[in-house]
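K.L.:
Mind having a look at this structure? Questions to follow.
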Amino acid sequence: MVPAARPTAPWRDRLVATVALALSLAMSRLPLRWQIAAVRALHGVPYARLTRVEALYSAVRAVIPSWWPGRIACMEISLATVIATALTGRQARWVLGARFLPDAAHAWAEVPEGAVGRDIGDAVDRPWIAVLAVP
């Protein structure tokens, strides 16, 4: 198997993404209700543009360390994207979703224009259903 190429991003986006990923990983140790409460505090801030959230999502994926011993999956990446968006003065919704056959859970970031990180791989024939959207 050939390793996938790491996404690239401008250095300013990578800097914001690094801080956001560190906060996301620290928050992942907290109970989910506390994570939701922290993201809910962003209510009232204007939404970011979809292109900006896509750029921050790519930056978060670009700064994921290959040496990290723990889990950095959709939940941590989407939370880091929402935090990075908040650090730029805008907001994005953090969405937790699920699907059936086979049962699976997934998390992504979303703005009114669209979602980032939702449609991965086999999501075409079995779409994700949003269970919780914060804020």
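Naming works like this for the structure tokens: A, B, ... for the chains as they're shown, residue 1 at the start of each chain, ligands 1 onward in shown order.
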Identify, with DSSP run on backbone atoms, the residues in segment 10-78 of chain A assigned to alpha helix (DSSP H), and express the list as JSON, numbers by chain.
P.N.:
{"A": [11, 12, 13, 14, 15, 16, 17, 18, 19, 20, 21, 22, 23, 24, 25, 26, 27, 32, 33, 34, 35, 36, 37, 38, 39, 40, 50, 51, 52, 53, 54, 55, 56, 57, 58, 59, 60, 61, 62, 74, 75, 76, 77, 78]}
K.L.:
Please write the residues from the selection above to a file, keeping C-alpha atoms, as a compact mmCIF listing (two decimals), in the first residue's frame.
P.N.:
```txt
# COMPACT_ATOMS: atom_id res chain seq x y z
CA TRP A 11 1.91 28.57 7.28
CA ARG A 12 -0.67 30.84 9.00
CA ASP A 13 -3.37 28.19 8.62
CA ARG A 14 -0.94 25.53 9.87
CA LEU A 15 -0.13 27.65 12.93
CA VAL A 16 -3.82 28.06 13.80
CA ALA A 17 -4.42 24.37 13.05
CA THR A 18 -1.57 23.30 15.34
CA VAL A 19 -3.03 25.22 18.28
CA ALA A 20 -6.52 23.94 17.47
CA LEU A 21 -5.35 20.32 17.21
CA ALA A 22 -3.54 20.59 20.56
CA LEU A 23 -6.72 21.95 22.16
CA SER A 24 -8.81 19.25 20.49
CA LEU A 25 -6.55 16.49 21.77
CA ALA A 26 -6.63 17.96 25.27
CA MET A 27 -10.42 18.24 25.12
CA LEU A 32 -18.36 14.49 25.70
CA ARG A 33 -20.89 16.76 27.43
CA TRP A 34 -18.05 19.13 28.40
CA GLN A 35 -16.75 19.15 24.84
CA ILE A 36 -20.25 19.97 23.59
CA ALA A 37 -20.59 22.76 26.18
CA ALA A 38 -17.28 24.29 25.06
CA VAL A 39 -18.32 24.30 21.40
CA ARG A 40 -21.80 25.58 22.31
CA LEU A 50 -17.22 27.02 3.28
CA THR A 51 -13.94 27.66 1.48
CA ARG A 52 -12.37 28.91 4.71
CA VAL A 53 -13.51 25.87 6.67
CA GLU A 54 -12.17 23.60 3.91
CA ALA A 55 -8.80 25.38 4.10
CA LEU A 56 -8.66 24.98 7.88
CA TYR A 57 -9.69 21.31 7.60
CA SER A 58 -6.80 20.73 5.19
CA ALA A 59 -4.45 22.57 7.54
CA VAL A 60 -5.52 20.41 10.49
CA ARG A 61 -4.90 17.27 8.44
CA ALA A 62 -1.51 18.65 7.39
CA CYS A 74 -12.71 12.12 12.60
CA MET A 75 -13.85 13.27 16.04
CA GLU A 76 -10.56 14.96 16.91
CA ILE A 77 -10.03 16.36 13.39
CA SER A 78 -13.54 17.82 13.14
```
K.L.:
Would you list, as an MDAnalysis selection string, the residues of chain A that end up in strand (DSSP E or B) under DSSP run on this structure's backbone?
P.N.:
chainID A and resid 47 91 93:99 104:111 114:116 129:134
K.L.:
Nearest residue to Ile83 of chain A out of A:Asp119, A:Ala48, A:Asp125, A:Pro112, using only C-alpha atoms?
P.N.:
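With only C-alpha atoms as the atom set, the closest residue is A:Ala48.
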